[in-house]
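K.L.:
Sharing entry-v5.txt below, compact mmCIF, C-alpha atoms and all ligand atoms:
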# COMPACT_ATOMS: atom_id res chain seq x y z
CA MET A 1 -33.85 -23.72 4.22
CA ASN A 2 -32.18 -23.86 7.65
CA SER A 3 -31.19 -20.81 9.66
CA LYS A 4 -27.51 -21.13 8.79
CA TYR A 5 -28.09 -20.62 5.07
CA ASN A 6 -25.68 -18.46 3.17
CA ILE A 7 -27.41 -17.33 0.01
CA ILE A 8 -25.61 -14.77 -2.12
CA GLY A 9 -27.64 -12.74 -4.62
CA LEU A 10 -26.66 -10.30 -7.33
CA GLY A 11 -29.15 -7.48 -7.92
CA LEU A 12 -29.21 -5.31 -11.04
CA GLU A 13 -31.15 -2.10 -11.58
CA SER A 14 -31.42 0.15 -14.66
CA SER A 15 -35.08 1.12 -14.87
CA CYS A 16 -34.59 4.87 -15.14
CA ASP A 17 -31.48 7.00 -14.64
CA GLU A 18 -29.45 5.02 -12.11
CA THR A 19 -27.40 1.97 -13.01
CA SER A 20 -26.70 -0.20 -10.01
CA ALA A 21 -25.26 -3.59 -9.08
CA SER A 22 -25.34 -5.03 -5.60
CA ILE A 23 -24.45 -8.14 -3.69
CA VAL A 24 -26.76 -9.08 -0.81
CA ARG A 25 -26.38 -12.02 1.58
CA ASN A 26 -29.48 -13.86 2.84
CA GLY A 27 -31.77 -11.07 1.64
CA LYS A 28 -30.75 -8.73 4.42
CA GLU A 29 -27.03 -8.01 4.49
CA ILE A 30 -25.71 -5.59 1.87
CA LEU A 31 -22.16 -6.61 0.93
CA SER A 32 -21.92 -3.99 -1.83
CA ASN A 33 -24.27 -1.56 -3.52
CA ILE A 34 -22.63 0.30 -6.40
CA ILE A 35 -24.69 3.09 -7.97
CA PHE A 36 -23.91 5.17 -11.01
CA SER A 37 -26.22 8.17 -11.22
CA GLN A 38 -26.84 9.71 -14.64
CA ILE A 39 -28.17 12.97 -13.21
CA ASN A 40 -25.39 15.01 -14.83
CA LEU A 41 -26.21 13.57 -18.25
CA HIS A 42 -29.85 14.65 -18.04
CA ARG A 43 -29.53 17.92 -16.13
CA ASP A 44 -29.52 20.14 -19.25
CA TYR A 45 -32.87 18.64 -20.27
CA SER A 46 -34.46 18.95 -16.78
CA GLY A 47 -35.65 15.37 -17.10
CA VAL A 48 -34.54 11.90 -18.14
CA VAL A 49 -33.91 11.44 -21.88
CA PRO A 50 -34.65 7.75 -22.59
CA GLU A 51 -32.11 7.27 -25.38
CA ILE A 52 -29.27 8.83 -23.40
CA ALA A 53 -30.26 6.77 -20.37
CA SER A 54 -30.18 3.38 -22.07
CA ARG A 55 -26.84 4.04 -23.77
CA ALA A 56 -25.30 5.15 -20.50
CA HIS A 57 -26.58 2.02 -18.69
CA LEU A 58 -25.01 -0.15 -21.37
CA GLU A 59 -21.66 1.60 -21.07
CA VAL A 60 -21.28 1.07 -17.33
CA ILE A 61 -23.17 -2.06 -16.32
CA ASN A 62 -20.35 -4.60 -16.78
CA ASP A 63 -17.92 -2.49 -14.78
CA LEU A 64 -20.48 -2.00 -12.02
CA ILE A 65 -21.07 -5.75 -11.76
CA ASP A 66 -17.30 -6.36 -11.46
CA GLU A 67 -17.02 -3.63 -8.86
CA ALA A 68 -19.94 -5.00 -6.84
CA LEU A 69 -18.39 -8.49 -6.82
CA ASP A 70 -14.94 -7.13 -5.92
CA LYS A 71 -16.19 -4.95 -3.10
CA ALA A 72 -18.22 -7.81 -1.66
CA GLY A 73 -15.29 -10.23 -1.98
CA VAL A 74 -17.50 -12.56 -3.99
CA LYS A 75 -16.88 -14.45 -7.24
CA PHE A 76 -19.41 -15.16 -9.99
CA SER A 77 -19.27 -18.81 -8.94
CA ASP A 78 -20.48 -17.86 -5.41
CA LEU A 79 -23.77 -16.46 -6.70
CA ASN A 80 -26.98 -18.36 -5.90
CA TYR A 81 -29.38 -16.17 -7.88
CA VAL A 82 -29.49 -13.05 -10.02
CA ALA A 83 -32.36 -10.56 -9.75
CA ALA A 84 -33.04 -7.63 -12.08
CA THR A 85 -35.77 -5.03 -12.33
CA ASN A 86 -37.96 -5.79 -15.35
CA ARG A 87 -40.84 -3.36 -14.68
CA PRO A 88 -41.98 -0.58 -14.63
CA GLY A 89 -39.63 1.87 -16.29
CA LEU A 90 -38.15 2.98 -19.57
CA ILE A 91 -38.08 0.05 -21.98
CA GLY A 92 -34.59 0.69 -23.38
CA SER A 93 -33.19 1.18 -19.90
CA LEU A 94 -34.88 -1.85 -18.34
CA LEU A 95 -33.46 -4.08 -21.06
CA ILE A 96 -29.87 -3.45 -19.99
CA ALA A 97 -30.14 -4.93 -16.48
CA LEU A 98 -32.54 -7.69 -17.49
CA GLN A 99 -30.45 -8.87 -20.46
CA SER A 100 -27.30 -8.82 -18.32
CA ALA A 101 -29.10 -10.87 -15.68
CA LYS A 102 -30.28 -13.36 -18.30
CA ALA A 103 -26.74 -13.82 -19.59
CA ILE A 104 -25.43 -14.41 -16.05
CA SER A 105 -28.28 -16.78 -15.22
CA TYR A 106 -27.73 -18.77 -18.41
CA LYS A 107 -23.97 -18.99 -18.05
CA LEU A 108 -23.91 -19.81 -14.32
CA LYS A 109 -27.09 -21.91 -14.36
CA ILE A 110 -28.52 -19.96 -11.44
CA PRO A 111 -32.14 -18.79 -11.05
CA LEU A 112 -33.19 -15.55 -12.71
CA ILE A 113 -35.70 -13.41 -10.82
CA ALA A 114 -37.48 -10.51 -12.55
CA ILE A 115 -38.43 -7.82 -10.08
CA ASN A 116 -41.15 -5.19 -9.85
CA HIS A 117 -39.16 -2.04 -9.09
CA LEU A 118 -41.92 -0.63 -6.89
CA GLU A 119 -42.08 -3.74 -4.74
CA ALA A 120 -38.29 -3.53 -4.38
CA HIS A 121 -38.59 0.03 -3.02
CA LEU A 122 -41.14 -1.10 -0.44
CA PHE A 123 -38.87 -3.91 0.73
CA ALA A 124 -35.83 -1.65 1.25
CA PRO A 125 -36.40 -1.41 5.05
CA PHE A 126 -35.78 -5.15 5.32
CA LEU A 127 -32.15 -4.50 4.37
CA GLU A 128 -31.73 -2.41 7.49
CA GLY A 129 -32.23 -4.90 10.26
CA ARG A 130 -36.00 -5.49 10.10
CA ASP A 131 -37.39 -8.97 9.61
CA VAL A 132 -39.99 -9.19 6.88
CA PHE A 133 -43.53 -8.58 8.16
CA PHE A 134 -46.99 -8.44 6.60
CA PRO A 135 -49.36 -6.75 6.13
CA PHE A 136 -48.29 -3.15 5.84
CA ILE A 137 -49.51 0.04 4.21
CA GLY A 138 -46.94 0.96 1.58
CA LEU A 139 -46.64 4.46 0.16
CA LEU A 140 -44.45 4.58 -2.91
CA VAL A 141 -43.46 8.13 -3.82
CA SER A 142 -41.04 8.72 -6.67
CA GLY A 143 -40.53 10.66 -9.87
CA GLY A 144 -42.79 8.38 -11.87
CA ASN A 145 -45.23 6.98 -9.32
CA THR A 146 -47.37 7.90 -6.35
CA ILE A 147 -49.14 4.75 -5.19
CA LEU A 148 -50.66 3.60 -1.92
CA TYR A 149 -50.68 -0.17 -1.33
CA ASN A 150 -51.96 -2.73 1.09
CA VAL A 151 -48.97 -5.09 0.99
CA LYS A 152 -50.20 -8.54 1.99
CA GLY A 153 -47.24 -10.70 1.06
CA ILE A 154 -44.51 -11.26 -1.50
CA GLY A 155 -45.99 -10.31 -4.86
CA GLU A 156 -49.31 -9.47 -3.20
CA LEU A 157 -49.57 -5.73 -3.59
CA GLN A 158 -53.12 -4.44 -3.54
CA ILE A 159 -53.32 -0.90 -4.92
CA ILE A 160 -55.48 1.26 -2.66
CA GLY A 161 -54.96 4.54 -4.46
CA LYS A 162 -52.70 6.32 -6.91
CA THR A 163 -52.21 9.63 -8.60
CA VAL A 164 -54.72 10.63 -11.23
CA ASP A 165 -52.20 12.90 -12.95
CA ASP A 166 -48.60 13.78 -11.96
CA ALA A 167 -46.47 11.83 -9.51
CA VAL A 168 -45.41 13.82 -6.46
CA GLY A 169 -41.69 13.71 -7.40
CA GLU A 170 -42.60 14.87 -10.90
CA ALA A 171 -44.41 17.87 -9.35
CA PHE A 172 -41.26 18.75 -7.36
CA ASP A 173 -39.23 18.48 -10.58
CA LYS A 174 -41.66 20.57 -12.64
CA VAL A 175 -41.99 23.34 -10.05
CA ALA A 176 -38.19 23.47 -9.75
CA LYS A 177 -37.90 23.65 -13.53
CA PHE A 178 -40.42 26.48 -13.73
CA LEU A 179 -38.48 28.42 -11.08
CA ASN A 180 -35.11 27.59 -12.71
CA LEU A 181 -33.85 25.86 -9.59
CA GLY A 182 -32.16 22.88 -11.22
CA TYR A 183 -32.75 19.14 -11.50
CA PRO A 184 -33.81 16.97 -9.76
CA GLY A 185 -36.21 19.34 -8.06
CA GLY A 186 -36.90 17.44 -4.82
CA PRO A 187 -33.60 17.94 -3.00
CA VAL A 188 -33.27 21.57 -4.21
CA ILE A 189 -36.77 22.48 -3.04
CA GLU A 190 -36.31 20.72 0.28
CA ASP A 191 -33.09 22.64 0.85
CA MET A 192 -34.55 26.01 -0.12
CA ALA A 193 -37.63 25.50 2.03
CA LYS A 194 -35.54 24.89 5.16
CA GLY A 195 -35.68 27.80 7.55
CA VAL A 196 -38.90 29.23 6.08
CA ARG A 197 -41.60 29.09 8.71
CA GLY A 198 -45.30 28.88 8.49
CA LYS A 199 -47.38 31.86 7.62
CA LYS A 200 -50.77 31.06 6.12
CA ASN A 201 -50.26 28.99 2.99
CA PHE A 202 -51.25 30.99 -0.11
CA LEU A 203 -51.60 27.86 -2.26
CA PRO A 204 -54.87 25.93 -2.28
CA LYS A 205 -55.21 22.63 -0.41
CA ILE A 206 -55.39 19.65 -2.70
CA LEU A 207 -59.05 18.73 -2.64
CA THR A 208 -60.10 15.56 -0.95
CA ALA A 209 -63.50 14.25 -1.86
CA LYS A 210 -64.79 11.38 0.26
CA LYS A 211 -63.51 9.56 3.32
CA ASN A 212 -62.33 6.49 1.44
CA ASP A 213 -60.86 8.41 -1.47
CA PHE A 214 -57.21 7.46 -1.65
CA ARG A 215 -56.39 9.15 -4.93
CA PHE A 216 -53.63 11.71 -5.29
CA SER A 217 -53.44 14.68 -7.63
CA TYR A 218 -50.57 17.07 -8.25
CA SER A 219 -51.22 18.86 -11.53
CA GLY A 220 -53.63 21.35 -9.89
CA LEU A 221 -51.05 22.29 -7.26
CA LYS A 222 -48.42 22.72 -9.96
CA THR A 223 -50.75 25.01 -11.91
CA ALA A 224 -51.50 26.98 -8.73
CA VAL A 225 -47.76 27.59 -8.29
CA VAL A 226 -47.41 28.71 -11.91
CA ASN A 227 -50.42 31.04 -11.62
CA TYR A 228 -49.12 32.50 -8.38
CA ILE A 229 -45.74 33.29 -9.90
CA ARG A 230 -47.39 34.91 -12.93
CA GLU A 231 -49.50 37.07 -10.63
CA TYR A 232 -46.65 37.89 -8.20
CA PRO A 233 -43.43 37.78 -10.25
CA ASP A 234 -41.44 39.35 -7.39
CA ALA A 235 -42.54 36.82 -4.79
CA GLU A 236 -39.70 35.17 -2.87
CA LYS A 237 -38.87 31.79 -4.40
CA LYS A 238 -38.16 30.19 -1.06
CA GLU A 239 -41.62 31.16 0.24
CA ILE A 240 -43.20 29.65 -2.85
CA VAL A 241 -41.32 26.37 -2.64
CA TYR A 242 -41.97 26.11 1.09
CA ASN A 243 -45.72 26.46 0.53
CA PHE A 244 -45.61 24.06 -2.40
CA GLN A 245 -43.75 21.46 -0.37
CA GLU A 246 -46.16 21.75 2.56
CA ARG A 247 -49.19 21.25 0.33
CA ALA A 248 -47.58 18.41 -1.63
CA LEU A 249 -46.55 16.51 1.50
CA GLU A 250 -49.67 17.06 3.59
CA LEU A 251 -51.72 15.07 1.06
CA LEU A 252 -49.34 12.11 1.39
CA VAL A 253 -49.57 12.25 5.17
CA ARG A 254 -53.37 12.47 5.17
CA ARG A 255 -53.68 9.52 2.81
CA VAL A 256 -51.37 7.10 4.64
CA PHE A 257 -52.99 7.65 8.01
CA ALA A 258 -56.48 7.37 6.50
CA ALA A 259 -55.48 4.09 4.81
CA SER A 260 -54.03 2.81 8.07
CA ARG A 261 -57.34 3.54 9.84
CA VAL A 262 -59.61 2.15 7.12
CA TYR A 263 -57.61 -1.06 6.65
CA ASN A 264 -56.68 -1.32 10.34
CA ILE A 265 -53.02 -1.86 9.52
CA LYS A 266 -50.61 -0.10 11.86
CA LYS A 267 -47.33 -0.62 10.07
CA ILE A 268 -46.62 1.96 7.35
CA VAL A 269 -43.66 1.81 4.96
CA VAL A 270 -42.86 4.95 2.97
CA ALA A 271 -40.35 4.46 0.15
CA GLY A 272 -39.08 5.86 -3.15
CA GLY A 273 -37.08 9.01 -3.96
CA VAL A 274 -39.46 11.46 -2.27
CA ALA A 275 -39.24 9.46 0.97
CA ALA A 276 -35.73 10.94 1.28
CA ASN A 277 -37.44 14.26 2.09
CA GLY A 278 -36.76 15.22 5.71
CA ARG A 279 -39.87 17.37 6.00
CA LEU A 280 -42.01 14.39 4.96
CA ARG A 281 -40.38 12.31 7.70
CA ASP A 282 -41.03 15.06 10.27
CA LEU A 283 -44.67 15.43 9.24
CA LEU A 284 -45.25 11.68 9.42
CA PHE A 285 -43.74 11.42 12.88
CA GLU A 286 -45.53 14.58 14.14
CA ASN A 287 -48.92 13.31 12.98
CA LYS A 288 -48.71 9.67 13.94
CA GLY A 289 -50.61 8.00 16.75
CA ASP A 290 -49.98 4.33 17.46
CA GLU A 291 -48.92 3.63 13.87
CA GLU A 292 -45.36 2.54 13.21
CA ILE A 293 -43.63 4.50 10.44
CA ILE A 294 -40.80 2.77 8.62
CA ILE A 295 -38.72 4.71 6.11
CA PRO A 296 -35.51 3.42 4.56
CA SER A 297 -32.38 5.52 5.03
CA PRO A 298 -32.00 8.17 2.29
CA GLU A 299 -29.40 6.11 0.32
CA LEU A 300 -31.91 3.26 0.05
CA CYS A 301 -34.83 5.55 -0.88
CA THR A 302 -33.45 6.41 -4.30
CA ASP A 303 -32.92 3.76 -6.97
CA ASN A 304 -30.41 1.05 -6.08
CA ALA A 305 -29.83 -2.62 -6.75
CA ALA A 306 -29.59 -3.75 -3.12
CA MET A 307 -33.36 -3.49 -2.82
CA VAL A 308 -33.67 -5.58 -6.00
CA ALA A 309 -31.39 -8.30 -4.65
CA GLY A 310 -33.19 -8.07 -1.30
CA VAL A 311 -36.70 -8.67 -2.62
CA GLY A 312 -35.20 -11.17 -5.09
CA PHE A 313 -34.16 -13.29 -2.10
CA GLN A 314 -37.78 -13.52 -0.94
CA TYR A 315 -38.79 -14.90 -4.35
CA PHE A 316 -35.77 -17.20 -4.43
CA ARG A 317 -36.62 -18.79 -1.08
CA GLU A 318 -40.20 -19.35 -2.26
CA ASP A 319 -38.86 -20.81 -5.51
CA LYS A 320 -40.73 -18.19 -7.53
CA VAL A 321 -38.20 -17.76 -10.31
CA ASN A 322 -38.42 -16.84 -13.98
CA ASP A 323 -37.24 -18.47 -17.16
CA LEU A 324 -35.26 -16.70 -19.87
CA SER A 325 -38.38 -15.74 -21.80
CA VAL A 326 -39.35 -13.12 -19.21
CA ASP A 327 -39.53 -9.66 -20.75
CA VAL A 328 -39.43 -6.03 -19.71
CA SER A 329 -42.56 -3.91 -19.36
CA PRO A 330 -43.10 -0.15 -18.97
CA ARG A 331 -46.01 -0.89 -16.63
CA ILE A 332 -46.37 -2.67 -13.31
O1 LIG B 401 -37.23 6.81 -6.78
P1 LIG B 401 -36.42 7.79 -7.53
O2 LIG B 401 -34.95 7.89 -7.22
O3 LIG B 401 -36.47 7.57 -9.09
C1 LIG B 401 -37.57 7.33 -9.85
O4 LIG B 401 -38.52 8.13 -9.87
O5 LIG B 401 -37.48 6.31 -10.53
O6 LIG B 401 -37.11 9.20 -7.32
C2 LIG B 401 -36.68 10.37 -7.94
C3 LIG B 401 -37.64 11.46 -7.57
C4 LIG B 401 -37.40 12.77 -8.29
O7 LIG B 401 -38.63 13.28 -8.75
C5 LIG B 401 -36.81 13.66 -7.20
O8 LIG B 401 -37.08 15.05 -7.38
C6 LIG B 401 -37.48 13.12 -5.97
O9 LIG B 401 -37.54 11.73 -6.16
N1 LIG B 401 -36.71 13.41 -4.75
C7 LIG B 401 -37.17 14.18 -3.76
C8 LIG B 401 -36.12 14.28 -2.82
N2 LIG B 401 -35.06 13.54 -3.27
C9 LIG B 401 -35.46 13.00 -4.46
N3 LIG B 401 -38.36 14.80 -3.61
C10 LIG B 401 -38.52 15.55 -2.49
N4 LIG B 401 -37.54 15.71 -1.57
C11 LIG B 401 -36.35 15.10 -1.67
N5 LIG B 401 -35.40 15.26 -0.76
What does the file become when written as structure tokens?
P.N.:
Amino acid sequence: MNSKYNIIGLGLESSCDETSASIVRNGKEILSNIIFSQINLHRDYSGVVPEIASRAHLEVINDLIDEALDKAGVKFSDLNYVAATNRPGLIGSLLIALQSAKAISYKLKIPLIAINHLEAHLFAPFLEGRDVFFPFIGLLVSGGNTILYNVKGIGELQIIGKTVDDAVGEAFDKVAKFLNLGYPGGPVIEDMAKGVRGKKNFLPKILTAKKNDFRFSYSGLKTAVVNYIREYPDAEKKEIVYNFQERALELLVRRVFAASRVYNIKKIVVAGGVAANGRLRDLLFENKGDEEIIIPSPELCTDNAAMVAGVGFQYFREDKVNDLSVDVSPRI
């Protein structure tokens, strides 16, 4: 492929509660990135209801594809590949983007690329002016996953550590639910915690066993919050969420820098919904030495199809494409 290539990709995403369609040129230039968030449909339940999610994806996906093409000034016939998330996620939801992508691939006779959603998150920075580099330490922090990777290449994601119970975003959501703060919990808690400043934290540190232990755990911290509120029902909510957030984030920070030291990899990418948290960014930059911290802009931290089209390009250029028999999977 010479340097003047002009490869146009369509990305589709519907793994959880965002439906998205995006057009990306040459794997790095976002021409459009249309996102429909279902948050309002799930708010009353304080969490994503799978059946509601898949129906809502189905209702909007065709319009989103048209809108993404229109906004990018691109026609179906201009597309060189179509990429869709096929794992991990909610089965019924994943099917909507993947089946749409299959139909487009079949009709236009263009390659279909099935994407690991978590890999797509980790590649989001490459849509913001960075050339692709390897290796890097990747921390993926979202509502469903908390995973630390050694990313060695396209499709070469070595898991170094992950949560043994709740994901960090899930802990934000559950604490917010318990305190009746609304859904999703992350942004609400971050907002409430702003302006509170550090007295001694009354919540326990999340235990860390050995030097090379890269596991995460959030259910104990969540229980500590619940116990604290039961013991001190008049405690100020903003003090509680501040202390919760500090404890939740400090574990992430400890783990990424430890992984960077142990694996001797200086580039660190932090991605996924929780990476939108400003306090996490501050803590990472305050604690870093000669490591380089790379975090996508907040719009690219939460679920979107640009990151799917972006990583799809890397597979396309290596001719790693799928046939129509590829299926969805709830797991990685
Ligand atoms: O990656 P994402 O958009 O969706 C999936 O999990 O698939 O992440 C959503 C998660 C939710 O748990 C939400 O509470 C959390 O990311 N989140 C945040 C922030 N914004 C979103 N957590 C902490 N601080 C934030 N600013």
K.L.:
Measuring between all atoms listed in the file, which one of A:Val262, A:Cys16, A:Leu112, A:Ile332 shows the shortest distance to Asn304 of chain A?
P.N.:
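Residue with the minimum atom-to-atom distance to Asn304 of chain A: A:Cys16.
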K.L.:
Kindly provide the residues of chain A that approach ligand LIG 401 (chain B) to within 6 Å, each paired with its closest atom pair and their distance in Å to one decimal, based on all atoms listed in the file, listed by chain and increasing number, as a tab-separated table.
P.N.:
residue	atom	partner	partner_atom	distance
A:Cys16	CA	B:LIG401	O5	5.6
A:Ser142	CA	B:LIG401	O6	4.0
A:Gly143	CA	B:LIG401	O4	3.2
A:Gly144	CA	B:LIG401	O4	4.7
A:Gly169	CA	B:LIG401	O7	3.4
A:Glu170	CA	B:LIG401	O7	4.8
A:Phe172	CA	B:LIG401	O8	5.6
A:Asp173	CA	B:LIG401	O8	5.2
A:Pro184	CA	B:LIG401	O8	4.5
A:Gly185	CA	B:LIG401	O8	4.4
A:Gly186	CA	B:LIG401	N3	3.3
A:Pro187	CA	B:LIG401	N5	3.9
A:Glu190	CA	B:LIG401	N4	5.5
A:Gly272	CA	B:LIG401	O1	4.2
A:Gly273	CA	B:LIG401	O6	3.4
A:Val274	CA	B:LIG401	N3	3.8
A:Ala276	CA	B:LIG401	N5	4.8
A:Asn277	CA	B:LIG401	N5	3.6
A:Thr302	CA	B:LIG401	O2	3.6
A:Asp303	CA	B:LIG401	O2	4.6
K.L.:
Which residues come within 9 Å of Gln314 of chain A, counting all atoms listed in the file, excluding same-chain residues fewer than 5 positions away, as a PyMOL selection string?
P.N.:
chain A and resi 27+154+319-320
K.L.:
How far is it from atom CA of Tyr183 of chain A to atom CA of Asn40 of chain A, in Å with one decimal?
P.N.:
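It comes out at 9.1 Å.
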K.L.:
Of the residues A:Leu179, A:Ala193, A:Ile91, A:Met307, which is the one nearest to Glu119 of chain A, using only C-alpha atoms?
P.N.:
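Closest to Glu119 of chain A, using only C-alpha atoms: A:Met307.
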K.L.:
Taking all listed atoms of segment 145-159 of chain A, build the axis-aligned box, pad each of the six sides by 6 Å, then write its centre and edge lengths in Å to one decimal as lines of an AutoDock Vina configuration file.
P.N.:
center_x = -48.9
center_y = -1.7
center_z = -3.7
size_x = 20.8
size_y = 31.2
size_z = 23.3
K.L.:
Using only C-alpha atoms, determine which residues lie at most 10 Å from Arg254 of chain A, disregarding the query and same-chain residues fewer than 4 positions distant; provide the list as JSON, numbers by chain.
P.N.:
{"A": [208, 214, 249, 250, 258, 259, 284, 287]}
K.L.:
Just checking: using only C-alpha atoms, which residue out of A:Leu280, A:Leu181, A:Val256, A:Val168 ends up closest to Ser217 of chain A?
P.N.:
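Result for the nearest residue to Ser217 of chain A: A:Val168.
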K.L.:
From the options A:Phe257, A:Ala167, A:Phe178, A:Val188, which residue's atoms come nearest to Lys211 of chain A, counting all atoms listed in the file?
P.N.:
A:Phe257
K.L.:
Of the candidates A:Val82, A:Leu118, A:Ile265, A:Val328, which shows the shortest atom-to-atom distance to Lys102 of chain A, using all atoms listed in the file?
P.N.:
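Of A:Val82, A:Leu118, A:Ile265, A:Val328, the one nearest Lys102 of chain A is A:Val82, counting all atoms listed in the file.
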